[in-house]
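First comes the structure, then the notes that go with it.
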Amino acid sequence: MSSTNKILICTGIFPPDIGGPASYAMTLGKKMSGDFSVTVITYSSKASNPDDKNLPFKVIRVWKGWPKGLRHLIYFSKTYSQAKKHDVVYSLNAVSAGLAALWSARSRKKKFFVKIVGDYAWEMAIQKKKSSFLINDFQKTAKKGMIKILSKTQYYVCRKADGVIVPSEYLAGIVKGWGVSADKVHVIYNGVDFKKADMSKEEARKKIGIPGNIILSAGRLVPWKGFKMLIKIMPKLMEISQFFRLIIVGEGPERKSLESMIKNMNLDRKVYLVGRKSKADLAVYLASADMFVLNSGYEGFSHQILEAMAAGVPVVASAMGGNKEVIEQGENGFLTRYNDEFNIIEAIKGLKQSEELREQFIKEGYKTVEKFSVDRMLNETVKLLTG
């Protein structure tokens, strides 16, 4: 056993709340608890959860119902207390959990690592309409107010960390651009353990109640995910096949805007916003799909692409961020220009008209997924944290 015996994981979200960091924290906690003593501290929509008693590690919850400043103070207090009892503090973000985790680790003279899966300041700037730049250009712009504070917080936490874990070479470049020493930045690709649904396309379509040639997309309903463009091109796609239907899985602040767009374009029975889905339900939607299309202006590393490949669905994705590290153009999928109407339509048309290409993308997609196993991700993470 390593000299590092006790790991404190600090996260902003944990089951039963849904999200990538929540699933990651749960999986990492279970993996590490066999050889290490693990504690997870999290913000939580529930003050307590009886299911925590069945876990092989301790979970400390900070209720989100507390006023903002107070809950952050409580989170810091609990993190500071727990840091004394642990050898390593690992934060799954740089802001809501990261600052408290860093200060606690440094005060207790413990090793500190942070995971960065995106630029939180940029995401907030886009959502609050403080910027219209994509992430690369945003890095070069002057920040003001709260966005400046968020940016400086990220930079500070990453620079002070013993190590920064990122899920792609693309994000490694972003973090290095924040002034973080290259030898502190470690690329550990996310792993996928997606289980495909054991049913035919016809059975899946019957189960979800949507017939036709299904184009599936998924992600948080935010501006940079490019869902508006997918809706906009639907009339032209239906000239290629009148049976095309677009299904978007996910929830987010753009939902009302997307609903209005669908209504105004008279696409009510052509485009479906089906909300957030569990992994089991998403597997059914993927089983129903002819192709998966991701028109995103930013992806640090896309779970959705790998899940689609694992489900045997051919992929079309924007050549942005970490997508280019997963898809080899024309080999295991198509890469398109973000929000490029003609480019996206041509890629979808090419897949629709070539069964041979669809079969190739499916076959190569399975091979790609094998490279991104959860065990590999967890083993590399444990090695770094405890080395």
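Residues in the structure tokens are named by chain (A, B, ... in the order shown) and by number from 1 within that chain; ligands are numbered from 1 in the order shown.
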Any idea what's packed within 10 Å of Ser33 of chain A, counting only C-alpha atoms, ignoring anything in its chain fewer than 6 positions away? Could you give it as a PDB file with C-alpha atoms, in the first residue's frame?
ATOM      1  CA  ASN A   5      -3.574   6.184   2.839  1.00  0.00           C
ATOM      2  CA  LYS A   6      -6.293   8.794   3.123  1.00  0.00           C
ATOM      3  CA  ILE A   7      -7.884  10.761   0.250  1.00  0.00           C
ATOM      4  CA  THR A  39     -14.053  10.824   2.298  1.00  0.00           C
ATOM      5  CA  LEU A  55     -21.187   3.231   0.392  1.00  0.00           C
ATOM      6  CA  PRO A  56     -17.666   1.981   1.216  1.00  0.00           C
ATOM      7  CA  PHE A  57     -16.551   5.553   1.957  1.00  0.00           C
ATOM      8  CA  LYS A  58     -17.760   8.497   4.028  1.00  0.00           C
TER       9      LYS A  58
END
Practice problem: Write out as a count of residues only all residues of segment 103-352 of chain A that DSSP puts in strand (DSSP E or B) for this structure's backbone. | Solution: 44
Quiz item: Got a sec: who's within 7 Å of segment 195-202 of chain A, counting only C-alpha atoms, leaving out chain neighbours fewer than 2 positions off, as a list in words?
Solution: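 Final neighbour list, sorted by chain and number: Asp193, Ala204, Arg205, Lys206, Ala283, Val284, Ala287, Ser288, Ala310 and Ala311 of chain A.
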Exercise. Considering only C-alpha atoms, return as a list in words whatever protein or nucleic-acid residues lie within 7 Å of segment 179-188 of chain A, sequence-local ones (same chain, fewer than 6 positions apart) excluded.
Key: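 Once the adjacent positions are removed, what remains is Cys158, Arg159, Asp162, Gly163, Val164, Ile165, Val166, Pro167, Ser168, Glu169, Ala172, Met377 and Glu380 of chain A.
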If you take only C-alpha atoms and a cut-off of 7 Å, which residues of segment 189-288 of chain A touch segment 335-350 of chain A, and what are their nearest atom pairs and distances in Å to one decimal, in chain and number order, as JSON lines?
{"residue": "A:Gly226", "atom": "CA", "partner": "A:Asn339", "partner_atom": "CA", "distance": 6.5}
{"residue": "A:Met229", "atom": "CA", "partner": "A:Asn339", "partner_atom": "CA", "distance": 6.1}
{"residue": "A:Ile233", "atom": "CA", "partner": "A:Glu341", "partner_atom": "CA", "distance": 6.8}
{"residue": "A:Leu237", "atom": "CA", "partner": "A:Ile345", "partner_atom": "CA", "distance": 6.7}
{"residue": "A:Ile240", "atom": "CA", "partner": "A:Lys349", "partner_atom": "CA", "distance": 6.9}
Just to be explicit: take each residue in the selection above, keep C-alpha atoms, and write the result as a PDB file, in the first residue's frame.
ATOM      1  CA  GLY A 226     -25.244  24.641 -31.130  1.00  0.00           C
ATOM      2  CA  MET A 229     -28.360  25.364 -35.771  1.00  0.00           C
ATOM      3  CA  ILE A 233     -31.354  23.015 -40.728  1.00  0.00           C
ATOM      4  CA  LEU A 237     -32.544  17.802 -43.862  1.00  0.00           C
ATOM      5  CA  ILE A 240     -32.928  14.652 -47.990  1.00  0.00           C
TER       6      ILE A 240
END
Practice problem: For segment 153-155 of chain A, please output as a VMD selection string all residues within 7 Å (counting only C-alpha atoms; exclusion window: fewer than 5 positions along the same chain). | Solution: chain A and resid 94 to 95 178
Those selected residues, please, written with N, CA and C atoms and delivered as a compact mmCIF listing (two decimals), in the first residue's frame.
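What landed in part.txt:
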# COMPACT_ATOMS: atom_id res chain seq x y z
N ALA A 94 -12.39 24.10 -9.70
CA ALA A 94 -11.46 25.11 -9.18
C ALA A 94 -12.14 26.22 -8.41
N VAL A 95 -13.47 26.26 -8.43
CA VAL A 95 -14.15 27.42 -7.83
C VAL A 95 -14.98 27.02 -6.61
N TRP A 178 -3.17 29.67 -18.63
CA TRP A 178 -3.49 30.40 -17.40
C TRP A 178 -2.23 30.67 -16.57
Quiz item: Which of these, A:Ala97, A:Ala25, A:Ala317, A:Ile305, has the shortest distance to Gly12 of chain A once you count only C-alpha atoms?
Solution: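 Of all the options, A:Ala97 lies closest to Gly12 of chain A.
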Exercise. Quick one: pick out all helix (DSSP H, G or I) residues within segment 69-293 of chain A from a backbone DSSP run and write them as a ChimeraX atom specification.
Key: /A:69-83,98-107,120-127,135-138,145-160,169-176,182-184,201-208,223-225,227-232,234-240,255-264,279-288
Practice problem: Measure the distance from atom CA of Asp87 of chain A to atom CA of Phe36 of chain A in Å and round it to one decimal. | Solution: 10.4 Å
Practice problem: Find the residue from A:Gly312, A:Gly300, A:Gly387, A:Gly250 that sits nearest to Leu171 of chain A; use only C-alpha atoms when measuring. | Solution: A:Gly300
Quiz prompt | Close residues, Lys148 of chain A itself excluded, 12 Å, only C-alpha atoms, min 5 positions apart in chain, as a ChimeraX atom specification | solution = /A:120-122,124-125,130,138-139,141-143,153-155
With C-alpha atoms retained, write the just-selected residues as a short mmCIF file (atom, residue, chain, number, x, y, z; two decimals), in the first residue's frame.
data_model
loop_
_atom_site.label_atom_id
_atom_site.label_comp_id
_atom_site.auth_asym_id
_atom_site.auth_seq_id
_atom_site.Cartn_x
_atom_site.Cartn_y
_atom_site.Cartn_z
CA TYR A 120 -16.05 28.06 -15.60
CA ALA A 121 -15.55 31.82 -16.03
CA TRP A 122 -16.21 31.50 -19.77
CA MET A 124 -20.73 31.98 -16.80
CA ALA A 125 -19.85 34.83 -19.19
CA LYS A 130 -21.28 39.04 -20.71
CA PHE A 138 -12.29 34.45 -24.53
CA GLN A 139 -8.87 33.56 -23.11
CA THR A 141 -10.10 39.15 -23.72
CA ALA A 142 -10.10 41.50 -20.73
CA LYS A 143 -12.48 40.38 -17.97
CA THR A 153 -9.85 32.20 -8.85
CA GLN A 154 -9.29 29.44 -11.42
CA TYR A 155 -5.81 30.68 -12.24
#
Self-check item: Between atom CA of Asp375 of chain A and atom CA of Lys110 of chain A, distance in Å (one decimal)
Solution: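 Between atom CA of Asp375 of chain A and atom CA of Lys110 of chain A the gap works out to 26.3 Å.
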Quiz item: Which one is closest to Pro16 of chain A: A:Lys111, A:Phe292, A:Phe133, A:Ser278? Count only C-alpha atoms.
Solution: A:Ser278
Self-check item: Point-to-point distance from atom CA of Glu251 of chain A to atom CA of Lys228 of chain A, Å rounded to tenths
Solution: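 Separation of atom CA of Glu251 of chain A and atom CA of Lys228 of chain A: 14.1 Å.
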Quiz prompt | Nearest to Lys85 of chain A by atom-to-atom distance, counting only C-alpha atoms, from A:Leu282, A:Leu230, A:Leu8, A:Leu70 | solution =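 Between A:Leu282, A:Leu230, A:Leu8, A:Leu70, the residue approaching Lys85 of chain A most closely is A:Leu8.
For Ala22 of chain A, the residues within 6 Å (counting only C-alpha atoms, excluding itself and residues fewer than 4 positions away along the chain) are Ile13, Phe14 and Pro15 of chain A.
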